[in-house]
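Novice: Following this line is upload_1.csv, made up of CSV, C-alpha atoms:
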chain,number,residue,atom,x,y,z
I,1,MET,CA,356.6,-74.4,-99.8
I,2,ALA,CA,359.5,-76.6,-99.0
I,3,ALA,CA,361.0,-73.9,-96.8
I,4,THR,CA,357.8,-73.6,-94.8
I,5,GLY,CA,357.7,-77.4,-94.5
I,6,ASP,CA,361.2,-77.3,-93.1
I,7,GLU,CA,360.2,-74.6,-90.7
I,8,ALA,CA,357.2,-76.5,-89.6
I,9,ALA,CA,359.3,-79.5,-89.0
I,10,ALA,CA,361.7,-77.4,-87.0
I,11,MET,CA,358.9,-76.0,-84.9
I,12,GLU,CA,357.7,-79.5,-84.2
I,13,SER,CA,361.1,-80.7,-83.2
I,14,ILE,CA,361.4,-77.7,-80.9
I,15,SER,CA,358.1,-78.5,-79.2
I,16,LYS,CA,359.0,-82.1,-78.9
I,17,ALA,CA,362.5,-81.5,-77.6
I,18,PRO,CA,364.1,-84.3,-75.6
I,19,VAL,CA,365.7,-84.0,-72.1
I,20,PRO,CA,368.5,-81.5,-72.6
I,21,PRO,CA,372.0,-82.4,-71.7
I,22,THR,CA,373.9,-80.5,-69.0
I,23,ASP,CA,376.6,-79.3,-71.2
I,24,LEU,CA,376.2,-77.3,-74.4
I,25,ASN,CA,377.4,-79.4,-77.2
I,26,LEU,CA,377.5,-77.9,-80.6
I,27,THR,CA,379.3,-80.7,-82.3
I,28,PRO,CA,377.1,-83.4,-83.7
I,29,THR,CA,377.4,-86.7,-81.8
I,30,PRO,CA,377.8,-89.9,-83.7
I,31,THR,CA,374.5,-91.8,-83.8
I,32,PRO,CA,374.8,-94.7,-86.3
I,33,THR,CA,371.5,-96.5,-85.3
I,34,PRO,CA,368.3,-94.6,-84.3
I,35,THR,CA,367.4,-95.5,-80.8
I,36,PRO,CA,364.0,-95.0,-79.2
I,37,GLU,CA,365.5,-93.2,-76.2
I,38,PRO,CA,365.3,-89.5,-76.5
I,39,GLU,CA,368.7,-88.9,-75.1
I,40,PRO,CA,371.3,-88.5,-77.9
I,41,GLU,CA,374.2,-88.0,-75.5
I,42,PRO,CA,377.0,-90.5,-75.0
I,43,GLU,CA,376.9,-92.7,-71.9
I,44,PRO,CA,379.3,-90.8,-69.6
I,45,ARG,CA,377.1,-87.8,-69.9
I,46,ARG,CA,374.0,-89.9,-69.0
I,47,GLU,CA,375.4,-90.5,-65.6
I,48,VAL,CA,376.0,-86.9,-65.1
I,49,ALA,CA,372.4,-86.2,-66.2
I,50,ALA,CA,371.2,-88.9,-63.8
I,51,ASN,CA,373.1,-87.3,-61.0
I,52,ASP,CA,371.8,-83.9,-61.9
I,53,ALA,CA,368.2,-85.2,-62.2
I,54,THR,CA,367.1,-83.0,-59.4
I,55,GLU,CA,368.9,-80.0,-60.8
I,56,ASN,CA,367.6,-80.4,-64.3
I,57,GLN,CA,364.5,-78.5,-63.5
I,58,LYS,CA,366.5,-75.9,-61.7
I,59,ALA,CA,369.2,-75.4,-64.2
I,60,LYS,CA,368.0,-76.0,-67.7
I,61,ARG,CA,370.4,-74.6,-70.1
I,62,PRO,CA,369.7,-74.1,-73.7
I,63,SER,CA,371.3,-76.6,-75.9
I,64,ASN,CA,371.3,-77.1,-79.5
I,65,ASN,CA,370.9,-80.5,-81.0
I,66,ASN,CA,371.4,-81.4,-84.6
I,67,ASP,CA,368.9,-84.0,-85.6
I,68,GLY,CA,369.0,-84.6,-89.3
I,69,GLY,CA,370.3,-81.1,-90.1
I,70,VAL,CA,367.5,-79.4,-88.1
I,71,GLU,CA,368.7,-77.3,-85.1
I,72,THR,CA,366.6,-77.6,-82.0
I,73,ALA,CA,366.8,-75.5,-79.0
I,74,GLU,CA,365.5,-75.8,-75.4
I,75,GLU,CA,363.8,-73.2,-73.4
I,76,ALA,CA,366.1,-70.9,-71.5
I,77,THR,CA,364.7,-71.2,-67.9
I,78,GLU,CA,365.8,-69.4,-64.8
I,79,PRO,CA,367.7,-71.4,-62.3
I,80,ALA,CA,365.5,-72.4,-59.3
I,81,GLU,CA,366.0,-70.7,-56.0
I,82,PRO,CA,368.3,-72.6,-53.7
I,83,ASP,CA,365.7,-72.5,-50.8
I,84,ILE,CA,362.7,-73.6,-52.8
I,85,ASN,CA,362.3,-76.7,-50.6
I,86,GLU,CA,362.2,-74.6,-47.5
I,87,LEU,CA,359.8,-72.2,-49.0
I,88,CYS,CA,357.5,-75.0,-50.0
I,89,ARG,CA,357.7,-76.6,-46.6
I,90,ASP,CA,356.9,-73.2,-45.0
I,91,MET,CA,353.9,-72.8,-47.3
I,92,PHE,CA,352.5,-76.2,-46.5
I,93,ASP,CA,353.1,-75.7,-42.8
I,94,LYS,CA,351.2,-72.4,-42.8
I,95,MET,CA,348.4,-73.9,-44.9
I,96,ALA,CA,348.1,-76.7,-42.3
I,97,VAL,CA,348.1,-74.2,-39.5
I,98,PHE,CA,345.4,-72.1,-41.2
I,99,LEU,CA,343.2,-75.2,-41.9
I,100,GLN,CA,343.7,-76.4,-38.3
I,101,GLY,CA,342.6,-73.0,-37.0
I,102,GLU,CA,339.5,-73.1,-39.1
I,103,LEU,CA,338.6,-76.5,-37.7
I,104,THR,CA,339.6,-75.6,-34.1
I,105,ALA,CA,336.9,-73.0,-33.9
I,106,THR,CA,334.2,-75.7,-34.2
I,107,CYS,CA,336.1,-77.9,-31.8
I,108,GLU,CA,336.2,-75.2,-29.2
I,109,ASP,CA,332.5,-74.7,-29.5
I,110,TYR,CA,332.0,-78.4,-28.9
I,111,LYS,CA,334.4,-78.3,-25.9
I,112,LEU,CA,332.5,-75.3,-24.5
I,113,LEU,CA,329.2,-77.2,-24.7
I,114,GLU,CA,330.8,-80.3,-23.3
I,115,ASN,CA,332.0,-78.3,-20.3
I,116,MET,CA,328.7,-76.6,-19.8
I,117,ASN,CA,326.9,-80.0,-19.9
I,118,LYS,CA,329.4,-81.5,-17.4
I,119,LEU,CA,328.8,-78.6,-15.0
I,120,THR,CA,325.1,-78.9,-15.4
I,121,SER,CA,325.2,-82.6,-14.8
I,122,LEU,CA,327.2,-82.1,-11.6
I,123,LYS,CA,324.7,-79.5,-10.4
I,124,TYR,CA,321.9,-81.9,-11.1
I,125,MET,CA,323.7,-84.7,-9.2
I,126,GLU,CA,324.0,-82.4,-6.2
I,127,MET,CA,320.3,-81.6,-6.5
I,128,LYS,CA,319.5,-85.2,-6.7
I,129,ASP,CA,321.4,-85.9,-3.5
I,130,ILE,CA,319.6,-83.1,-1.8
I,131,SER,CA,316.3,-84.3,-2.9
I,132,ILE,CA,317.1,-87.9,-1.8
I,133,ASN,CA,317.9,-86.6,1.7
I,134,ILE,CA,314.8,-84.6,1.8
I,135,SER,CA,312.7,-87.5,0.7
I,136,ARG,CA,314.3,-89.8,3.4
I,137,ASN,CA,313.8,-87.2,6.1
I,138,LEU,CA,310.2,-86.6,5.2
I,139,GLN,CA,309.5,-90.3,5.3
I,140,ASP,CA,311.0,-90.5,8.8
I,141,LEU,CA,309.0,-87.5,9.8
I,142,ASN,CA,305.8,-89.1,8.5
I,143,GLN,CA,306.5,-92.3,10.4
I,144,LYS,CA,307.2,-90.3,13.6
I,145,TYR,CA,304.1,-88.3,13.3
I,146,ALA,CA,302.1,-91.5,12.7
I,147,SER,CA,303.6,-92.9,16.0
I,148,LEU,CA,302.5,-89.7,17.7
I,149,GLN,CA,298.8,-90.1,16.6
I,150,PRO,CA,297.7,-91.9,19.8
I,151,TYR,CA,299.1,-89.1,21.8
I,152,LEU,CA,297.3,-86.6,19.7
I,153,ASP,CA,294.1,-88.5,20.2
I,154,GLN,CA,294.7,-88.3,23.9
I,155,ILE,CA,295.2,-84.6,23.7
I,156,ASN,CA,291.9,-84.4,21.9
I,157,GLN,CA,290.2,-86.3,24.7
I,158,ILE,CA,291.9,-84.2,27.3
I,159,GLU,CA,290.6,-81.1,25.5
I,160,GLU,CA,287.0,-82.5,25.6
I,161,GLN,CA,287.3,-83.4,29.2
I,162,VAL,CA,288.6,-80.0,30.1
I,163,THR,CA,285.7,-78.5,28.2
I,164,ALA,CA,283.3,-80.7,30.2
I,165,LEU,CA,285.0,-79.7,33.4
I,166,GLU,CA,284.7,-76.1,32.5
I,167,GLN,CA,280.9,-76.5,31.9
I,168,ALA,CA,280.6,-78.3,35.2
I,169,ALA,CA,282.5,-75.5,37.0
I,170,TYR,CA,280.1,-72.9,35.5
I,171,LYS,CA,277.1,-74.9,36.7
I,172,LEU,CA,278.6,-75.3,40.1
I,173,ASP,CA,279.2,-71.6,40.3
I,174,THR,CA,275.7,-70.8,39.3
I,175,TYR,CA,274.3,-73.2,41.8
I,176,SER,CA,276.4,-71.8,44.6
I,177,LYS,CA,275.3,-68.3,43.8
I,178,LYS,CA,271.6,-69.4,44.0
I,179,LEU,CA,272.3,-71.2,47.2
I,180,GLU,CA,273.9,-68.1,48.7
I,181,ALA,CA,270.9,-65.9,47.7
I,182,LYS,CA,268.4,-68.4,49.3
I,183,PHE,CA,270.5,-68.5,52.5
I,184,LYS,CA,270.6,-64.7,52.8
I,185,LYS,CA,266.8,-64.6,52.2
I,186,LEU,CA,266.2,-67.1,54.9
I,187,GLU,CA,268.6,-65.3,57.3
I,188,LYS,CA,266.6,-62.0,56.9
I,189,ARG,CA,263.4,-63.7,58.0
E,190,MET,CA,351.8,-79.8,-82.4
E,191,ALA,CA,351.5,-80.7,-78.7
E,192,SER,CA,349.9,-77.9,-76.8
E,193,SER,CA,349.6,-79.3,-73.3
E,194,GLU,CA,349.3,-77.3,-70.1
E,195,THR,CA,352.9,-77.8,-69.2
E,196,GLN,CA,354.0,-75.9,-72.3
E,197,PRO,CA,354.6,-72.3,-71.7
E,198,ARG,CA,351.9,-70.1,-72.9
E,199,PHE,CA,352.5,-67.0,-74.8
E,200,GLY,CA,354.2,-64.4,-72.5
E,201,GLN,CA,354.3,-66.6,-69.4
E,202,SER,CA,357.0,-68.8,-67.9
E,203,VAL,CA,356.7,-72.2,-66.4
E,204,LYS,CA,357.6,-70.8,-63.0
E,205,GLY,CA,354.8,-68.2,-63.2
E,206,LEU,CA,352.3,-70.8,-64.3
E,207,LEU,CA,353.4,-73.1,-61.4
E,208,SER,CA,353.0,-70.4,-58.9
E,209,ASP,CA,349.6,-69.5,-60.2
E,210,LYS,CA,348.5,-73.1,-60.1
E,211,VAL,CA,349.7,-73.5,-56.5
E,212,THR,CA,347.9,-70.3,-55.5
E,213,SER,CA,344.7,-71.4,-57.1
E,214,CYS,CA,345.0,-74.9,-55.5
E,215,SER,CA,345.5,-73.4,-52.1
E,216,GLY,CA,342.6,-71.1,-52.5
E,217,ASP,CA,340.4,-74.0,-53.6
E,218,VAL,CA,341.4,-75.9,-50.5
E,219,ILE,CA,340.6,-73.0,-48.3
E,220,ALA,CA,337.3,-72.4,-50.0
E,221,LEU,CA,336.4,-76.1,-49.7
E,222,THR,CA,337.1,-76.1,-46.0
E,223,ARG,CA,335.0,-73.1,-45.4
E,224,GLN,CA,332.2,-74.5,-47.5
E,225,VAL,CA,332.2,-77.7,-45.6
E,226,LEU,CA,332.1,-75.9,-42.3
E,227,LYS,CA,329.4,-73.6,-43.5
E,228,GLY,CA,327.3,-76.4,-44.9
E,229,SER,CA,327.4,-78.4,-41.7
E,230,ARG,CA,325.8,-75.4,-39.9
E,231,SER,CA,327.7,-76.5,-36.8
E,232,GLN,CA,328.4,-72.9,-35.8
E,233,GLU,CA,324.7,-71.9,-35.8
E,234,LEU,CA,323.6,-75.0,-34.0
E,235,LEU,CA,326.3,-74.9,-31.3
E,236,SER,CA,325.7,-71.2,-30.6
E,237,GLN,CA,322.0,-71.8,-30.3
E,238,ALA,CA,322.6,-74.7,-27.9
E,239,ALA,CA,324.9,-72.5,-25.8
E,240,ARG,CA,322.3,-69.8,-25.7
E,241,ASN,CA,319.6,-72.1,-24.6
E,242,MET,CA,321.8,-73.5,-21.9
E,243,VAL,CA,322.5,-70.0,-20.6
E,244,ILE,CA,318.7,-69.4,-20.4
E,245,GLN,CA,318.2,-72.7,-18.5
E,246,GLU,CA,320.9,-71.8,-16.0
E,247,ASP,CA,318.6,-69.3,-14.2
E,248,ALA,CA,315.9,-71.9,-13.7
E,249,ILE,CA,318.5,-74.5,-12.5
E,250,LEU,CA,319.8,-72.1,-9.9
E,251,HIS,CA,316.3,-71.3,-8.7
E,252,SER,CA,315.5,-75.0,-8.4
E,253,GLU,CA,318.7,-75.6,-6.4
E,254,ASP,CA,317.8,-72.7,-4.1
E,255,SER,CA,314.3,-74.1,-3.5
E,256,LEU,CA,315.7,-77.6,-2.7
E,257,ARG,CA,318.1,-76.2,-0.2
E,258,LYS,CA,315.2,-74.3,1.5
E,259,MET,CA,313.2,-77.5,1.6
E,260,SER,CA,316.0,-79.3,3.3
E,261,ILE,CA,316.2,-76.5,5.9
E,262,ILE,CA,312.5,-76.6,6.5
E,263,THR,CA,312.6,-80.4,6.8
E,264,THR,CA,315.3,-80.0,9.5
E,265,HIS,CA,313.1,-77.6,11.4
E,266,LEU,CA,310.2,-80.0,11.2
E,267,GLN,CA,312.4,-82.7,12.7
E,268,TYR,CA,313.3,-80.4,15.6
E,269,GLN,CA,309.6,-79.6,16.2
E,270,GLN,CA,308.7,-83.3,16.1
E,271,GLU,CA,311.3,-84.1,18.7
E,272,ALA,CA,309.9,-81.3,21.0
E,273,ILE,CA,306.4,-82.6,20.5
E,274,GLN,CA,307.6,-86.1,21.3
E,275,LYS,CA,309.0,-84.9,24.6
E,276,ASN,CA,305.9,-83.0,25.6
E,277,VAL,CA,303.2,-85.6,24.8
E,278,GLU,CA,304.7,-88.0,27.3
E,279,HIS,CA,303.1,-85.8,30.0
E,280,SER,CA,299.6,-86.2,28.5
E,281,LYS,CA,299.0,-89.5,30.1
E,282,ASN,CA,299.3,-88.1,33.6
E,283,LEU,CA,297.1,-85.2,32.7
E,284,GLN,CA,294.4,-87.6,31.5
E,285,ASP,CA,294.5,-89.6,34.7
E,286,GLN,CA,294.1,-86.4,36.7
E,287,LEU,CA,291.2,-85.3,34.7
E,288,LYS,CA,289.5,-88.6,35.0
E,289,HIS,CA,289.9,-88.4,38.7
E,290,LEU,CA,288.4,-84.9,38.7
E,291,MET,CA,285.5,-85.8,36.6
E,292,LYS,CA,284.5,-88.6,39.0
Can I see the file as C-alpha cells?

Specialist:
Amino acid sequence: MAATGDEAAAMESISKAPVPPTDLNLTPTPTPTPTPEPEPEPEPRREVAANDATENQKAKRPSNNNDGGVETAEEATEPAEPDINELCRDMFDKMAVFLQGELTATCEDYKLLENMNKLTSLKYMEMKDISINISRNLQDLNQKYASLQPYLDQINQIEEQVTALEQAAYKLDTYSKKLEAKFKKLEKR
Amino acid sequence: MASSETQPRFGQSVKGLLSDKVTSCSGDVIALTRQVLKGSRSQELLSQAARNMVIQEDAILHSEDSLRKMSIITTHLQYQQEAIQKNVEHSKNLQDQLKHLMK
C-alpha cells in the first residue's frame, strides 16, 4: 500500500511538473528553504531560462528533478519548426483572403445594383430634359395657335362668302339661260 | 490529478492537439461567415432586384423612344405653324375682295 502511495505521489508530481530547466541536471540542487516558486534551479540558470522563454515551447527537453526523493520527468516534446511563425502568418493571411472573398461577392452585387441604378437615373434625367423641352414647345405652339384664331375665323368667313358667291353665280347662270331662251323665242316671232 | 485540456491525451501529442484545435477554429470561423451571409439573404434579394431591373429596362427604352418621337412631332408642328402664319396674312386681302364682289 505504501508503494502504491509512493507511486501515486510520483504520478501527481509528474503531472504537476514545474517549468523544466534548459539543461539536464541529475545532481540534486541545494534547496534549504522551500520557496513558492516552482523553479528549483539556481539564479544563473534562471536568466538563461528567461532568455530562452520563447524557445521553451520549442525545445523542451526531458529533465529529472529530485524532489524529496521522488524523481519527476517532463514530457519529451519535439522541437518546433524553425519557420512556424511564417507558417502561422501565411495561414492567417490566407484565411483573411478567403473571408474577404466571401464578403466581396455580396459587395460586388451591391456595386452592380448601384451602377445599374446610376445608369437608370441618368436615362431618366435625359428623359426628363426631353419631356421639359416638349412641354415648353407645346406651350409655345398652343399660344401661337391661339394667336392664329382670328385668322382662322376670317378663313371661315371667307369660306361662307365664297359659298354664297357660288350660289349667286349659279342663280345668275340660270337666269341668263332663261333670258337667252326668251330672246330666241321672241326673235323667231 | 489535474486533467486539463492542455494535458496530452492518451496517444496524442500537444502539437497534434494544437493543430486540430486551429483547424476546428478556422472551420468554425468559415462556417460562421457563411451562415451570416446566408442568413442575411442578401444574395437572393440582390439577384431578384437585378432581375427586376433588367425587366424594367425594356419599358424604359420604349418610353425614351416614344419621347424622342414626340419631340420630333413637336418640331414638325412648329414648322407647320410657321407656314400657316405666313399664309394667313393673305386672308385679309381675300376678304376685302370678296366683300367687294358681294356688293

Novice: Point out the residue among I:Ala96, I:Glu86, I:Ser131, I:Thr106 with the least atom-to-atom distance to Arg230 in chain E, counting all atoms listed in the file.

Specialist: I:Thr106

Novice: Could you list, as a short mmCIF file (atom, residue, chain, number, x, y, z; two decimals) with C-alpha atoms, in the coordinates of the input, every residue within 10 Å of Asn133 in chain I, counting all atoms listed in the file and ignoring same-chain residues fewer than 5 positions away?

Specialist:
data_model
loop_
_atom_site.label_atom_id
_atom_site.label_comp_id
_atom_site.auth_asym_id
_atom_site.auth_seq_id
_atom_site.Cartn_x
_atom_site.Cartn_y
_atom_site.Cartn_z
CA MET I 127 320.30 -81.60 -6.50
CA LYS I 128 319.50 -85.20 -6.70
CA LEU I 138 310.20 -86.60 5.20
CA GLN I 139 309.50 -90.30 5.30
CA SER E 260 316.00 -79.30 3.30
CA THR E 263 312.60 -80.40 6.80
#

Novice: Give me, as number ranges by chain, all polymer residues having an atom no more than 12 Å from Tyr268 in chain E, counting all atoms listed in the file and skipping those fewer than 5 positions away in the same chain.

Specialist: I: 137, 141, 144; E: 261-263, 273-275

Novice: Using C-alpha atoms, can you write the selected residues to a file as a CSV table (one decimal), in the coordinates of the input?

Specialist:
chain,number,residue,atom,x,y,z
I,137,ASN,CA,313.8,-87.2,6.1
I,141,LEU,CA,309.0,-87.5,9.8
I,144,LYS,CA,307.2,-90.3,13.6
E,261,ILE,CA,316.2,-76.5,5.9
E,262,ILE,CA,312.5,-76.6,6.5
E,263,THR,CA,312.6,-80.4,6.8
E,273,ILE,CA,306.4,-82.6,20.5
E,274,GLN,CA,307.6,-86.1,21.3
E,275,LYS,CA,309.0,-84.9,24.6

Novice: Let me make sure I understand: among E:Met242, E:Leu207, E:Leu250, E:Met259, which one has the smallest atom-to-atom distance to Lys118 in chain I if we use all atoms listed in the file?

Specialist: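 Residue with the minimum atom-to-atom distance to Lys118 in chain I: E:Met242.
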
Novice: For chain E, report every residue with an atom at most 10 Å from chain I (counting all atoms listed in the file), formatted as an MDAnalysis selection string.

Specialist: chainID E and resid 190:192 196:197 202:204 215:216 218:219 222:223 226 231:232 234:236 238:239 242:243 245:246 249:250 252:254 256:257 259:264 266:267 270:271 273:274 276:281 283:288 290:291

Novice: Between CA of Gln100 in chain I and CA of Asn115 in chain I, measure the distance and give it in Å to one decimal.

Specialist: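 Straight-line distance from CA of Gln100 in chain I to CA of Asn115 in chain I works out to 21.6 Å.
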
Novice: In Å, how far is it from CA of Met125 in chain I to CA of Gln143 in chain I?

Specialist: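 These two atoms are separated by 27.2 Å.
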